[in-house]
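Visitor: Structure incoming, see below.
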Amino acid sequence: MKRIIISLNFCIILSLSPLLSAAEGNKIGSNLQWSPQETTRNIAIKNLSVTSNASFHWIRLMGAESPHVHDSHDLTVFIFSGTSAIHFSEKTIMMHPGDLIEIPRGTWHWAENHGPSPTQAYAIFHPPFDGKDKRIQEKP
């Protein structure tokens, strides 16, 4: 049974089918090759595609990322494998394969892998992520 994560003021997204089906996601995840250098990083990101409205990324999380805020981007994350905690200012949510969460712009957060294997996730930024909208912030 799949879980849908609802927390704080987060929105539910019921289907990613126009963007990526589960079968397509499994194909991408199993076909991706991570370099030896990428496998030593806490977080590695493969940029998959960009449209005028969004950017699409495959993420490999082994450790933890720094607490941060995206001031101008909404983020949607779907977990394909592994277990991670998504930390927010007032709550931590455990994410498992099949879980989906939307993190609205301006929300302080950070992800931390909680298993022996890396978490693999599909991430969508709206508008397209330029790599610059990540403000490191220890506490909100």
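Quick note on naming: the chains in the structure tokens go A, B, ... in the order shown, residues restart at 1 in each chain, and ligands are numbered from 1 in order of appearance.
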So that I can see what lies close to Ile59 of chain A, please list as a PyMOL selection string the residues with an atom at most 9 Å from it, counting only C-alpha atoms and leaving out residues fewer than 5 positions away in the same chain.
Guide: chain A and resi 43-47+119-123
Visitor: Name the residues in contact with Ser84 of chain A at a cut-off of 9 Å, using only C-alpha atoms, excluding same-chain residues fewer than 4 positions from it; report them as a list of chain:residue names.
Guide: A:Leu61, A:Ile79, A:Ile93, A:Met94, A:Met95, A:His96, A:Ala111, A:Glu112, A:Asn113, A:His114, A:Gly115, A:Pro118, A:Thr119
Visitor: Based on the selection just made, write C-alpha atoms of those residues as a PDB file, in the first residue's frame.
Guide:
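What ended up in part-v3.pdb:
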```pdb
ATOM      1  CA  LEU A  61      21.345  10.701  -1.267  1.00  0.00           C
ATOM      2  CA  ILE A  79      11.114   8.340  -3.484  1.00  0.00           C
ATOM      3  CA  ILE A  93       8.767  13.072   7.990  1.00  0.00           C
ATOM      4  CA  MET A  94      10.132   9.618   7.147  1.00  0.00           C
ATOM      5  CA  MET A  95      10.003   8.922   3.415  1.00  0.00           C
ATOM      6  CA  HIS A  96       9.919   5.412   1.903  1.00  0.00           C
ATOM      7  CA  ALA A 111      17.008  15.527   3.709  1.00  0.00           C
ATOM      8  CA  GLU A 112      18.952  12.782   5.456  1.00  0.00           C
ATOM      9  CA  ASN A 113      19.380   9.185   4.299  1.00  0.00           C
ATOM     10  CA  HIS A 114      18.343   6.650   6.947  1.00  0.00           C
ATOM     11  CA  GLY A 115      19.347   3.333   5.453  1.00  0.00           C
ATOM     12  CA  PRO A 118      21.392   5.413  -0.813  1.00  0.00           C
ATOM     13  CA  THR A 119      17.968   6.913  -1.338  1.00  0.00           C
TER      14      THR A 119
END
```
Visitor: Any chance you could list, as an NGL selection string, the residues in segment 34-96 of chain A that come up strand (DSSP E) when DSSP is run on the backbone?
Guide: :A and (43-50 or 55-61 or 68-69 or 74-81 or 84-88 or 92-95)
Visitor: Write out as a list in words which residues come within 8 Å of His68 of chain A when counting only C-alpha atoms, dropping same-chain ones fewer than 3 positions away.
Guide: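 The residues that qualify are Trp108, His109, Trp110, Lys134, Arg135, Ile136, Gln137 and Glu138 of chain A.
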Visitor: Need to verify the contact set: Ala54 of chain A, 6 Å, only C-alpha atoms, exclusion of same-chain residues closer than 5 positions in sequence. Can you return it as a list of chain:residue names?
Guide: A:Phe125, A:His126, A:Pro127, A:Pro128
Visitor: Store the residues picked out above, limited to N, CA and C atoms, as a JSON list (two decimals), in the first residue's frame.
Guide:
```json
[["chain", "number", "residue", "atom", "x", "y", "z"],
["A", 125, "PHE", "N", 11.48, 20.66, -9.92],
["A", 125, "PHE", "CA", 11.47, 22.05, -9.47],
["A", 125, "PHE", "C", 10.59, 22.87, -10.40],
["A", 126, "HIS", "N", 9.79, 23.74, -9.81],
["A", 126, "HIS", "CA", 8.96, 24.67, -10.58],
["A", 126, "HIS", "C", 9.17, 26.06, -10.02],
["A", 127, "PRO", "N", 9.58, 27.03, -10.79],
["A", 127, "PRO", "CA", 10.04, 26.97, -12.17],
["A", 127, "PRO", "C", 11.35, 26.19, -12.28],
["A", 128, "PRO", "N", 11.89, 26.05, -13.50],
["A", 128, "PRO", "CA", 13.13, 25.28, -13.67],
["A", 128, "PRO", "C", 14.24, 25.78, -12.74]]
```
Visitor: Work out how far atom CA of Glu65 of chain A is from atom CA of Pro140 of chain A, in Å to one decimal.
Guide: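 Taking atom CA of Pro140 of chain A as the start and atom CA of Glu65 of chain A as the end point, the length is 15.8 Å.
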Visitor: Would you mind telling me which residue in A:Trp58, A:Phe80, A:Trp34, A:Phe129 lies nearest to Pro97 of chain A when using only C-alpha atoms?
Guide: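 Going through A:Trp58, A:Phe80, A:Trp34, A:Phe129 one by one, the smallest distance to Pro97 of chain A is for A:Phe80.
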Visitor: Which one of A:Ser81, A:Asn53, A:Ser72, A:Asn42 sits closest to Ser117 of chain A if you count only C-alpha atoms?
Guide: A:Ser81
Visitor: For a quick check of understanding, using only C-alpha atoms, which of A:Asp71, A:His87, A:Asp130, A:Val77 has the smallest distance to Gly106 of chain A?
Guide: A:Asp71
Visitor: Which one of A:Asp133, A:Leu48, A:Gly82, A:Lys139 sits closest to Pro67 of chain A if you count only C-alpha atoms?
Guide: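 Nearest to Pro67 of chain A: A:Lys139.
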Visitor: Near Ile103 of chain A, within 8 Å and counting only C-alpha atoms, which residues show up once chain neighbours fewer than 3 positions away are dropped, as a short mmCIF file (atom, residue, chain, number, x, y, z; two decimals) with C-alpha atoms, in the first residue's frame?
Guide:
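Output saved as around.cif:
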```cif
data_model
loop_
_atom_site.label_atom_id
_atom_site.label_comp_id
_atom_site.auth_asym_id
_atom_site.auth_seq_id
_atom_site.Cartn_x
_atom_site.Cartn_y
_atom_site.Cartn_z
CA PHE A 10 1.90 20.87 1.80
CA ASP A 74 8.59 24.77 -5.40
CA LEU A 75 9.99 21.24 -5.07
CA THR A 76 8.24 17.90 -5.53
CA THR A 107 10.11 26.25 3.34
#
```
